[in-house]
$ cat data.cif   # mmCIF, C-alpha atoms
data_coords
#
loop_
_atom_site.group_PDB
_atom_site.id
_atom_site.type_symbol
_atom_site.label_atom_id
_atom_site.label_comp_id
_atom_site.auth_asym_id
_atom_site.auth_seq_id
_atom_site.Cartn_x
_atom_site.Cartn_y
_atom_site.Cartn_z
ATOM 1 C CA MET A 1 226.454 32.530 3.834
ATOM 2 C CA PRO A 2 225.102 28.959 3.828
ATOM 3 C CA ILE A 3 227.859 27.949 1.411
ATOM 4 C CA VAL A 4 230.507 29.475 3.644
ATOM 5 C CA PHE A 5 229.089 27.731 6.713
ATOM 6 C CA ALA A 6 228.905 24.391 4.885
ATOM 7 C CA GLN A 7 232.482 24.707 3.585
ATOM 8 C CA THR A 8 233.700 25.515 7.061
ATOM 9 C CA ILE A 9 232.113 22.379 8.507
ATOM 10 C CA ILE A 10 233.113 20.051 5.664
ATOM 11 C CA ILE A 11 236.820 20.924 5.687
ATOM 12 C CA VAL A 12 237.179 20.011 9.368
ATOM 13 C CA PRO A 13 237.924 16.275 8.749
ATOM 14 C CA GLY A 14 240.678 17.059 6.244
ATOM 15 C CA THR A 15 242.212 19.690 8.470
ATOM 16 C CA LEU A 16 242.226 17.423 11.518
ATOM 17 C CA ALA A 17 243.662 14.564 9.458
ATOM 18 C CA SER A 18 246.574 16.728 8.368
ATOM 19 C CA PHE A 19 247.583 17.254 12.007
ATOM 20 C CA THR A 20 247.393 13.623 13.124
ATOM 21 C CA PRO A 21 249.152 10.511 11.802
ATOM 22 C CA ASN A 22 246.039 8.445 12.569
ATOM 23 C CA ASP A 23 245.017 6.159 9.680
ATOM 24 C CA PHE A 24 241.301 6.461 10.471
ATOM 25 C CA ALA A 25 241.488 10.247 10.267
ATOM 26 C CA ARG A 26 243.327 10.018 6.926
ATOM 27 C CA SER A 27 240.732 7.621 5.497
ATOM 28 C CA LEU A 28 237.950 9.935 6.703
ATOM 29 C CA ALA A 29 239.658 12.887 5.018
ATOM 30 C CA ASP A 30 240.056 10.888 1.799
ATOM 31 C CA PHE A 31 236.371 9.991 2.002
ATOM 32 C CA PHE A 32 235.505 13.697 1.895
ATOM 33 C CA THR A 33 237.562 14.608 -1.161
ATOM 34 C CA PRO A 34 235.975 17.399 -3.234
ATOM 35 C CA GLY A 35 234.279 16.034 -6.328
ATOM 36 C CA GLU A 36 233.541 12.617 -4.818
ATOM 37 C CA LEU A 37 229.963 11.505 -4.139
ATOM 38 C CA PRO A 38 230.117 11.540 -0.290
ATOM 39 C CA TYR A 39 231.579 15.051 -0.333
ATOM 40 C CA ASP A 40 229.016 16.320 -2.830
ATOM 41 C CA LEU A 41 226.049 14.838 -0.980
ATOM 42 C CA SER A 42 227.252 16.045 2.425
ATOM 43 C CA PHE A 43 227.994 19.485 1.048
ATOM 44 C CA ALA A 44 224.542 19.754 -0.565
ATOM 45 C CA VAL A 45 222.781 18.619 2.624
ATOM 46 C CA LEU A 46 224.785 21.068 4.726
ATOM 47 C CA ILE A 47 223.943 23.901 2.327
ATOM 48 C CA LEU A 48 220.245 23.038 2.560
ATOM 49 C CA LEU A 49 220.339 22.906 6.353
ATOM 50 C CA PHE A 50 222.312 26.121 6.718
ATOM 51 C CA SER A 51 219.985 27.890 4.252
ATOM 52 C CA TYR A 52 217.006 27.193 6.484
ATOM 53 C CA PHE A 53 219.033 28.057 9.592
ATOM 54 C CA TYR A 54 220.292 31.356 8.163
ATOM 55 C CA THR A 55 216.836 32.315 6.901
ATOM 56 C CA SER A 56 215.324 31.670 10.320
ATOM 57 C CA ILE A 57 217.973 33.875 11.939
ATOM 58 C CA ILE A 58 217.779 36.759 9.462
ATOM 59 C CA PHE A 59 214.001 36.997 8.956
ATOM 60 C CA ASN A 60 212.021 37.377 12.157
ATOM 61 C CA SER A 61 208.482 37.127 10.862
ATOM 62 C CA VAL A 62 206.906 38.397 14.095
ATOM 63 C CA ASP A 63 208.961 41.621 13.998
ATOM 64 C CA LEU A 64 208.290 42.041 10.289
ATOM 65 C CA ALA A 65 204.531 41.639 10.802
ATOM 66 C CA GLU A 66 204.628 44.058 13.728
ATOM 67 C CA ASN A 67 206.536 46.661 11.701
ATOM 68 C CA LEU A 68 204.052 46.321 8.852
ATOM 69 C CA LYS A 69 201.194 46.844 11.301
ATOM 70 C CA LYS A 70 202.835 49.897 12.924
ATOM 71 C CA GLN A 71 203.479 51.546 9.563
ATOM 72 C CA GLY A 72 199.959 50.918 8.325
ATOM 73 C CA GLY A 73 201.009 48.329 5.756
ATOM 74 C CA PHE A 74 199.336 45.016 5.179
ATOM 75 C CA ILE A 75 199.339 41.973 2.941
ATOM 76 C CA PRO A 76 196.112 41.827 0.921
ATOM 77 C CA GLY A 77 193.853 39.050 2.131
ATOM 78 C CA VAL A 78 195.777 38.494 5.393
ATOM 79 C CA LYS A 79 194.797 39.961 8.755
ATOM 80 C CA PRO A 80 197.457 42.106 10.453
ATOM 81 C CA GLY A 81 199.333 40.607 13.401
ATOM 82 C CA ALA A 82 199.789 36.885 14.016
ATOM 83 C CA SER A 83 198.142 35.882 10.719
ATOM 84 C CA THR A 84 200.656 38.023 8.831
ATOM 85 C CA ALA A 85 203.553 36.426 10.717
ATOM 86 C CA ASP A 86 202.224 32.947 9.891
ATOM 87 C CA TYR A 87 201.798 33.922 6.235
ATOM 88 C CA ILE A 88 205.360 35.270 6.074
ATOM 89 C CA ASP A 89 206.647 32.026 7.660
ATOM 90 C CA ASP A 90 204.781 29.961 5.057
ATOM 91 C CA VAL A 91 206.124 32.038 2.169
ATOM 92 C CA LEU A 92 209.686 31.884 3.526
ATOM 93 C CA GLY A 93 209.404 28.114 3.859
ATOM 94 C CA ARG A 94 208.333 27.796 0.226
ATOM 95 C CA VAL A 95 210.935 30.227 -1.107
ATOM 96 C CA THR A 96 213.880 28.882 0.891
ATOM 97 C CA LEU A 97 213.907 25.398 -0.681
ATOM 98 C CA PRO A 98 214.375 26.551 -4.309
ATOM 99 C CA GLY A 99 216.918 29.116 -3.133
ATOM 100 C CA ALA A 100 218.843 26.492 -1.177
ATOM 101 C CA LEU A 101 218.796 24.090 -4.135
ATOM 102 C CA PHE A 102 220.114 26.882 -6.362
ATOM 103 C CA LEU A 103 222.896 27.645 -3.883
ATOM 104 C CA ALA A 104 223.811 23.954 -3.758
ATOM 105 C CA ALA A 105 223.938 23.841 -7.559
ATOM 106 C CA VAL A 106 226.077 26.989 -7.711
ATOM 107 C CA ALA A 107 228.468 25.491 -5.174
ATOM 108 C CA LEU A 108 228.678 21.986 -6.656
ATOM 109 C CA VAL A 109 228.564 22.491 -10.432
ATOM 110 C CA PRO A 110 232.009 24.152 -10.626
ATOM 111 C CA VAL A 111 233.539 21.353 -8.524
ATOM 112 C CA MET A 112 231.941 18.676 -10.707
ATOM 113 C CA LEU A 113 232.942 20.408 -13.940
ATOM 114 C CA THR A 114 236.501 20.829 -12.748
ATOM 115 C CA LYS A 115 236.773 17.169 -11.815
ATOM 116 C CA ASN A 116 235.024 15.740 -14.894
ATOM 117 C CA LEU A 117 236.639 18.003 -17.489
ATOM 118 C CA GLY A 118 240.102 17.762 -15.960
ATOM 119 C CA PHE A 119 240.821 21.433 -15.371
ATOM 120 C CA GLN A 120 244.000 22.243 -13.485
ATOM 121 C CA GLN A 121 242.683 25.362 -11.829
ATOM 122 C CA GLN A 122 239.648 24.908 -9.594
ATOM 123 C CA PHE A 123 237.187 27.680 -8.883
ATOM 124 C CA GLY A 124 234.339 27.493 -6.431
ATOM 125 C CA GLY A 125 230.755 28.607 -6.298
ATOM 126 C CA THR A 126 231.440 31.189 -3.631
ATOM 127 C CA SER A 127 233.886 32.992 -5.897
ATOM 128 C CA VAL A 128 231.232 33.070 -8.633
ATOM 129 C CA LEU A 129 228.688 34.518 -6.193
ATOM 130 C CA ILE A 130 231.163 37.131 -4.972
ATOM 131 C CA VAL A 131 232.064 38.215 -8.513
ATOM 132 C CA VAL A 132 228.407 38.478 -9.527
ATOM 133 C CA GLY A 133 227.564 40.422 -6.362
ATOM 134 C CA VAL A 134 230.418 42.869 -6.914
ATOM 135 C CA LEU A 135 229.450 43.343 -10.561
ATOM 136 C CA LEU A 136 225.807 44.036 -9.685
ATOM 137 C CA ASP A 137 226.881 46.531 -7.017
ATOM 138 C CA THR A 138 229.272 48.235 -9.443
ATOM 139 C CA ILE A 139 226.557 48.526 -12.100
ATOM 140 C CA ALA A 140 224.161 50.036 -9.556
ATOM 141 C CA GLN A 141 226.784 52.593 -8.491
ATOM 142 C CA VAL A 142 227.554 53.545 -12.098
ATOM 143 C CA GLN A 143 223.846 54.022 -12.814
ATOM 144 C CA GLN A 144 223.524 56.144 -9.676
ATOM 145 C CA HIS A 145 226.425 58.356 -10.746
ATOM 146 C CA LEU A 146 225.015 58.705 -14.260
ATOM 147 C CA THR A 147 221.634 59.716 -12.891
ATOM 148 C CA LEU A 148 223.250 62.203 -10.515
ATOM 149 C CA ARG A 149 225.361 63.638 -13.328
ATOM 150 C CA LYS A 150 222.263 64.029 -15.515
ATOM 151 C CA TYR A 151 220.449 65.948 -12.767
ATOM 152 C CA ASP A 152 223.498 68.110 -12.099
ATOM 153 C CA SER A 153 223.796 69.078 -15.759
ATOM 154 C CA PHE A 154 220.066 69.791 -15.879
ATOM 155 C CA MET A 155 220.325 72.152 -12.913
ATOM 156 C CA LYS A 156 223.406 73.974 -14.260
ATOM 157 C CA ALA A 157 222.294 74.403 -17.854
ATOM 158 C CA GLY A 158 218.561 74.305 -17.346
ATOM 159 C CA ARG A 159 216.070 76.175 -19.450
ATOM 160 C CA ILE A 160 214.618 78.053 -16.485
ATOM 161 C CA LYS A 161 215.619 81.718 -16.534
ATOM 162 C CA PHE A 162 214.467 84.704 -14.552
ATOM 163 C CA ARG A 163 211.893 86.790 -16.415
ATOM 164 C CA GLY A 164 209.854 89.844 -15.676
ATOM 165 C CA ARG A 165 209.578 91.055 -12.093
ATOM 166 C CA GLN A 166 211.770 88.324 -10.625
ATOM 167 C CA GLN A 167 214.917 89.897 -12.093
ATOM 168 C CA ARG A 168 214.418 93.115 -10.130
ATOM 169 C CA PHE A 169 214.649 91.341 -6.766
ATOM 170 C CA THR A 170 217.964 89.562 -7.372
#

$ encode --input "data.cif" --output "structure tokens"
Amino acid sequence: MPIVFAQTIIIVPGTLASFTPNDFARSLADFFTPGELPYDLSFAVLILLFSYFYTSIIFNSVDLAENLKKQGGFIPGVKPGASTADYIDDVLGRVTLPGALFLAAVALVPVMLTKNLGFQQQFGGTSVLIVVGVLLDTIAQVQQHLTLRKYDSFMKAGRIKFRGRQQRFT
């Protein structure tokens, strides 16, 4: 989602410039051309900012700590309640930066490769993430069906048969 948010914000100057004959708007849109340094830096910064924003919206550490406490769960070495919420906030802060940098790399490397290698067709990082996500989901569904099929065949052709007194009652 941070990549989608960042792309939405960064295409605004180009879109507005296409509707107006203003020279300043056109120069601003040219300044933010994909593959150029200002575009890449702005895009990376926006991805970093939106990663922290999205993480803060999605993960409510106070609710998570409260749910852990209600269900009898705990984090070893951390007291339940406010200490757990603070610990979760600290861990999220440390995990979000590498994740945001990875998202920025996934979003920018295809653009840079396309520009530097001279490809005609451009593909973006979001399309790579979508394809990988769909493939992982498909693999999980196939494994689920295979497991279900194995259990079904076990139940139909199992080795358990009625013997002795149990046959009289059927």

$ residues_around --input "data.cif" --residues "stretch 105-117 of chain A" --least-positions-apart "5" --cutoff "12 Å" --atoms "all atoms listed in the file" --output "CSV table (one decimal) with C-alpha atoms, in the coordinates of the input"
chain,number,residue,atom,x,y,z
A,1,MET,CA,226.5,32.5,3.8
A,2,PRO,CA,225.1,29.0,3.8
A,3,ILE,CA,227.9,27.9,1.4
A,4,VAL,CA,230.5,29.5,3.6
A,6,ALA,CA,228.9,24.4,4.9
A,7,GLN,CA,232.5,24.7,3.6
A,33,THR,CA,237.6,14.6,-1.2
A,34,PRO,CA,236.0,17.4,-3.2
A,35,GLY,CA,234.3,16.0,-6.3
A,36,GLU,CA,233.5,12.6,-4.8
A,37,LEU,CA,230.0,11.5,-4.1
A,39,TYR,CA,231.6,15.1,-0.3
A,40,ASP,CA,229.0,16.3,-2.8
A,41,LEU,CA,226.0,14.8,-1.0
A,42,SER,CA,227.3,16.0,2.4
A,43,PHE,CA,228.0,19.5,1.0
A,44,ALA,CA,224.5,19.8,-0.6
A,45,VAL,CA,222.8,18.6,2.6
A,46,LEU,CA,224.8,21.1,4.7
A,47,ILE,CA,223.9,23.9,2.3
A,48,LEU,CA,220.2,23.0,2.6
A,98,PRO,CA,214.4,26.6,-4.3
A,99,GLY,CA,216.9,29.1,-3.1
A,100,ALA,CA,218.8,26.5,-1.2
A,122,GLN,CA,239.6,24.9,-9.6
A,123,PHE,CA,237.2,27.7,-8.9
A,124,GLY,CA,234.3,27.5,-6.4
A,125,GLY,CA,230.8,28.6,-6.3
A,126,THR,CA,231.4,31.2,-3.6
A,127,SER,CA,233.9,33.0,-5.9
A,128,VAL,CA,231.2,33.1,-8.6
A,129,LEU,CA,228.7,34.5,-6.2
A,130,ILE,CA,231.2,37.1,-5.0
A,132,VAL,CA,228.4,38.5,-9.5

$ residues_around --input "data.cif" --residues "A:Ala85" --least-positions-apart "6" --cutoff "12 Å" --atoms "all atoms listed in the file" --output "list in words"
Phe59, Asn60, Ser61, Val62, Asp63, Leu64, Ala65, Glu66, Asn67, Leu68, Lys69, Phe74, Ile75, Val78, Lys79, Val91 and Leu92 of chain A

$ residues_around --input "data.cif" --residues "stretch 9-17 of chain A" --least-positions-apart "2" --cutoff "7 Å" --atoms "only C-alpha atoms" --output "ChimeraX atom specification"
/A:5-7,19-20,25-26,28-29,43

$ write_last_selection --input "data.cif" --atoms "C-alpha atoms" --output "PDB file, keeping the file's coordinate frame"
ATOM      1  CA  PHE A   5     229.089  27.731   6.713  1.00  0.00           C
ATOM      2  CA  ALA A   6     228.905  24.391   4.885  1.00  0.00           C
ATOM      3  CA  GLN A   7     232.482  24.707   3.585  1.00  0.00           C
ATOM      4  CA  PHE A  19     247.583  17.254  12.007  1.00  0.00           C
ATOM      5  CA  THR A  20     247.393  13.623  13.124  1.00  0.00           C
ATOM      6  CA  ALA A  25     241.488  10.247  10.267  1.00  0.00           C
ATOM      7  CA  ARG A  26     243.327  10.018   6.926  1.00  0.00           C
ATOM      8  CA  LEU A  28     237.950   9.935   6.703  1.00  0.00           C
ATOM      9  CA  ALA A  29     239.658  12.887   5.018  1.00  0.00           C
ATOM     10  CA  PHE A  43     227.994  19.485   1.048  1.00  0.00           C
TER      11      PHE A  43
END

$ atom_distance --input "data.cif" --atom1 "atom CA of A:Gly93" --atom2 "atom CA of A:Ser51"
10.6 Å

$ closest_residue --input "data.cif" --among "A:Leu148, A:Ala140, A:Leu49, A:Ala82" --to "A:Thr96" --atoms "only C-alpha atoms"
A:Leu49

$ atom_distance --input "data.cif" --atom1 "atom CA of A:Ile57" --atom2 "atom CA of A:Asp90"
15.4 Å
